[in-house]
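Enquirer: Here you go, one structure.
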Amino acid sequence: MIKVDIISGFLGSGKTTLIKKLLESINDERVVVIENEFGQIGIDKEIIQKDGFDIIELQNGCICCSIKLNFKDTLLEVINKFNPTRIIIEPTGVGLLSEIITMINDSKLNEVLSLNSLITVVDGVNYFEYIDNFGEFFEDQIENAQIIIISKSQFIDKNNLDNIIKSLKNINKNAHIIHENWSNISFLKLFEVLNLLSDEISDNLDCKNRKDITENMKAIESISINPLKSYSVEEIEDIFKNLSEDTFGNIIRCKGFVDSGDCLLEFNYVNKQYTIKQRVKNTNPKLTIIGTNLKNKDLLKTFK
């Protein structure tokens, strides 16, 4: 049976970073990663690309709704083409974990796949804001997780972290919660834990609680851009300042690469917080912006 690890979490929670760390800990396995991008342009494949692993992208939709059939066909194609021992699935940040579990429970897929772990990455910095704004949808990812990993815990004081853990336990009392700073975690040992815990779910893939997509989630949209202009770090920071002031709508997530002369700038913007770093020119400039009430024309002008 092929092991399947599902790594869910809201936009910008750190799913891709987690997968990258897990891949660095894997030895002697044939692994395929299936990336579900909400926008029309794939970004995460370029970030986690690693020799020896195949990355498959499903773009421009969510596997729990608009590209449901494509997801099942992709899984069957991956199995036949790559003969993997493990498949890691990263749903889009607006995907319902309950719906994805239901799809994995398909009779045809059940013959060859064994669900190894259900992981939800929770953004500790933005946790209470997201649970207030995205309610039942956000809780769906938490309720149906076997393991909850809190990201960005190094930026949270102990009292706030304790309150987050308490809230998570109120939603899912049976989940294993990992809250350590990721730099202190052995991801090789984490994989060993995942394999040991797999017996808890291998015989029953039914989701615990299933939610419908809320009106708040239906309002989330994306725009994908291939910027032609070259940017300095200062110019990107000025753009992010405008994003944080809601000049272009409510921006939840912005990620991608822009040209910066001799290098690319790789950036991640999550709910008014961002990182920018240089990387070699091994991909084309491209970016995806996700949010609500997006002012598309203004965004296109900004990223020329």
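Identifiers for the structure tokens are assigned positionally: chains receive A, B, ... in sequence, residues are indexed from 1 per chain, and ligands are indexed from 1 in the order shown.
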Enumerate the residues of segment 209-299 of chain A with a DSSP assignment of strand (DSSP E), computed from the backbone, and present them as a PyMOL selection string.

Expert: chain A and resi 221-225+250-259+264-270+273-279+286-292

Enquirer: Please dump the current selection as a short mmCIF file (atom, residue, chain, number, x, y, z; two decimals), in the first residue's frame; keep N, CA, C and O atoms.

Expert:
```cif
data_model
loop_
_atom_site.label_atom_id
_atom_site.label_comp_id
_atom_site.auth_asym_id
_atom_site.auth_seq_id
_atom_site.Cartn_x
_atom_site.Cartn_y
_atom_site.Cartn_z
N GLU A 221 -10.76 35.14 -3.52
CA GLU A 221 -10.40 35.06 -4.93
C GLU A 221 -8.90 35.21 -5.08
O GLU A 221 -8.19 35.52 -4.11
N SER A 222 -8.41 34.99 -6.29
CA SER A 222 -6.97 35.12 -6.52
C SER A 222 -6.70 35.79 -7.85
O SER A 222 -7.55 35.78 -8.76
N ILE A 223 -5.52 36.37 -7.95
CA ILE A 223 -5.03 36.92 -9.21
C ILE A 223 -3.58 36.47 -9.37
O ILE A 223 -2.81 36.51 -8.41
N SER A 224 -3.22 36.02 -10.56
CA SER A 224 -1.86 35.57 -10.84
C SER A 224 -1.22 36.50 -11.87
O SER A 224 -1.87 36.91 -12.84
N ILE A 225 0.04 36.85 -11.66
CA ILE A 225 0.71 37.86 -12.47
C ILE A 225 2.11 37.38 -12.84
O ILE A 225 2.80 36.78 -12.01
N ASN A 250 -8.64 43.31 0.58
CA ASN A 250 -8.17 42.58 1.76
C ASN A 250 -7.23 41.47 1.30
O ASN A 250 -7.68 40.41 0.88
N ILE A 251 -5.93 41.70 1.40
CA ILE A 251 -4.94 40.73 0.92
C ILE A 251 -4.58 39.79 2.07
O ILE A 251 -4.03 40.21 3.09
N ILE A 252 -4.90 38.51 1.90
CA ILE A 252 -4.56 37.51 2.90
C ILE A 252 -3.17 36.93 2.63
O ILE A 252 -2.38 36.71 3.54
N ARG A 253 -2.89 36.73 1.35
CA ARG A 253 -1.66 36.01 0.98
C ARG A 253 -1.12 36.56 -0.34
O ARG A 253 -1.87 36.82 -1.28
N CYS A 254 0.19 36.76 -0.39
CA CYS A 254 0.87 37.12 -1.63
C CYS A 254 2.22 36.40 -1.62
O CYS A 254 2.97 36.49 -0.64
N LYS A 255 2.51 35.66 -2.66
CA LYS A 255 3.76 34.89 -2.71
C LYS A 255 4.26 34.82 -4.14
O LYS A 255 3.48 34.90 -5.10
N GLY A 256 5.57 34.69 -4.27
CA GLY A 256 6.11 34.55 -5.62
C GLY A 256 7.52 35.06 -5.74
O GLY A 256 8.26 35.18 -4.75
N PHE A 257 7.89 35.38 -7.00
CA PHE A 257 9.25 35.80 -7.31
C PHE A 257 9.19 36.98 -8.28
O PHE A 257 8.35 37.00 -9.19
N VAL A 258 10.07 37.97 -8.08
CA VAL A 258 10.22 39.06 -9.04
C VAL A 258 11.69 39.20 -9.39
O VAL A 258 12.58 38.81 -8.61
N ASP A 259 11.95 39.74 -10.56
CA ASP A 259 13.32 39.97 -11.00
C ASP A 259 13.93 41.12 -10.20
O ASP A 259 13.26 42.10 -9.88
N LEU A 264 16.73 36.79 -8.22
CA LEU A 264 15.29 36.90 -7.99
C LEU A 264 15.05 37.26 -6.54
O LEU A 264 15.86 36.92 -5.65
N LEU A 265 13.95 37.94 -6.27
CA LEU A 265 13.49 38.13 -4.91
C LEU A 265 12.32 37.19 -4.66
O LEU A 265 11.32 37.25 -5.37
N GLU A 266 12.47 36.30 -3.71
CA GLU A 266 11.38 35.41 -3.31
C GLU A 266 10.70 36.02 -2.09
O GLU A 266 11.36 36.38 -1.11
N PHE A 267 9.38 36.16 -2.14
CA PHE A 267 8.70 36.82 -1.02
C PHE A 267 7.47 36.04 -0.60
O PHE A 267 6.84 35.33 -1.37
N ASN A 268 7.14 36.20 0.67
CA ASN A 268 5.93 35.64 1.26
C ASN A 268 5.27 36.71 2.11
O ASN A 268 5.88 37.23 3.06
N TYR A 269 4.04 37.04 1.77
CA TYR A 269 3.27 38.04 2.51
C TYR A 269 2.05 37.32 3.09
O TYR A 269 1.27 36.71 2.35
N VAL A 270 1.89 37.39 4.41
CA VAL A 270 0.76 36.74 5.07
C VAL A 270 0.15 37.71 6.07
O VAL A 270 0.77 38.06 7.08
N GLN A 273 2.23 40.62 7.30
CA GLN A 273 3.59 40.28 7.67
C GLN A 273 4.27 39.64 6.46
O GLN A 273 3.63 38.92 5.70
N TYR A 274 5.57 39.88 6.32
CA TYR A 274 6.22 39.39 5.10
C TYR A 274 7.69 39.07 5.33
O TYR A 274 8.32 39.54 6.28
N THR A 275 8.22 38.25 4.40
CA THR A 275 9.65 37.98 4.32
C THR A 275 10.07 38.15 2.87
O THR A 275 9.30 37.87 1.95
N ILE A 276 11.29 38.60 2.66
CA ILE A 276 11.87 38.75 1.33
C ILE A 276 13.29 38.19 1.37
O ILE A 276 14.05 38.51 2.29
N LYS A 277 13.63 37.36 0.40
CA LYS A 277 15.00 36.86 0.34
C LYS A 277 15.44 36.70 -1.11
O LYS A 277 14.61 36.55 -2.01
N GLN A 278 16.74 36.73 -1.32
CA GLN A 278 17.30 36.58 -2.65
C GLN A 278 17.46 35.10 -2.99
O GLN A 278 17.68 34.26 -2.11
N ARG A 279 17.31 34.78 -4.28
CA ARG A 279 17.56 33.42 -4.75
C ARG A 279 18.08 33.50 -6.18
O ARG A 279 17.92 34.51 -6.87
N LYS A 286 7.03 35.44 -11.21
CA LYS A 286 5.60 35.14 -11.16
C LYS A 286 5.12 35.28 -9.73
O LYS A 286 5.89 35.11 -8.77
N LEU A 287 3.85 35.57 -9.55
CA LEU A 287 3.32 35.72 -8.21
C LEU A 287 1.81 35.47 -8.21
O LEU A 287 1.15 35.57 -9.24
N THR A 288 1.32 35.13 -7.04
CA THR A 288 -0.12 34.93 -6.83
C THR A 288 -0.55 35.75 -5.63
O THR A 288 0.13 35.78 -4.60
N ILE A 289 -1.68 36.42 -5.75
CA ILE A 289 -2.26 37.21 -4.67
C ILE A 289 -3.64 36.64 -4.35
O ILE A 289 -4.45 36.41 -5.26
N ILE A 290 -3.91 36.39 -3.07
CA ILE A 290 -5.17 35.80 -2.64
C ILE A 290 -5.80 36.69 -1.58
O ILE A 290 -5.12 37.15 -0.66
N GLY A 291 -7.10 36.94 -1.72
CA GLY A 291 -7.78 37.76 -0.74
C GLY A 291 -9.24 37.97 -1.10
O GLY A 291 -9.82 37.20 -1.88
N THR A 292 -9.83 39.00 -0.58
CA THR A 292 -11.23 39.33 -0.89
C THR A 292 -11.30 40.78 -1.39
O THR A 292 -10.47 41.62 -1.02
#
```

Enquirer: Near Asp246 of chain A, within 10 Å and counting only C-alpha atoms, which residues show up once chain neighbours fewer than 4 positions away are dropped, as a list of chain:residue names?

Expert: A:Phe240, A:Lys241, A:Asn242, A:Asn250, A:Ile251, A:Lys272, A:Asn293, A:Leu294, A:Lys295
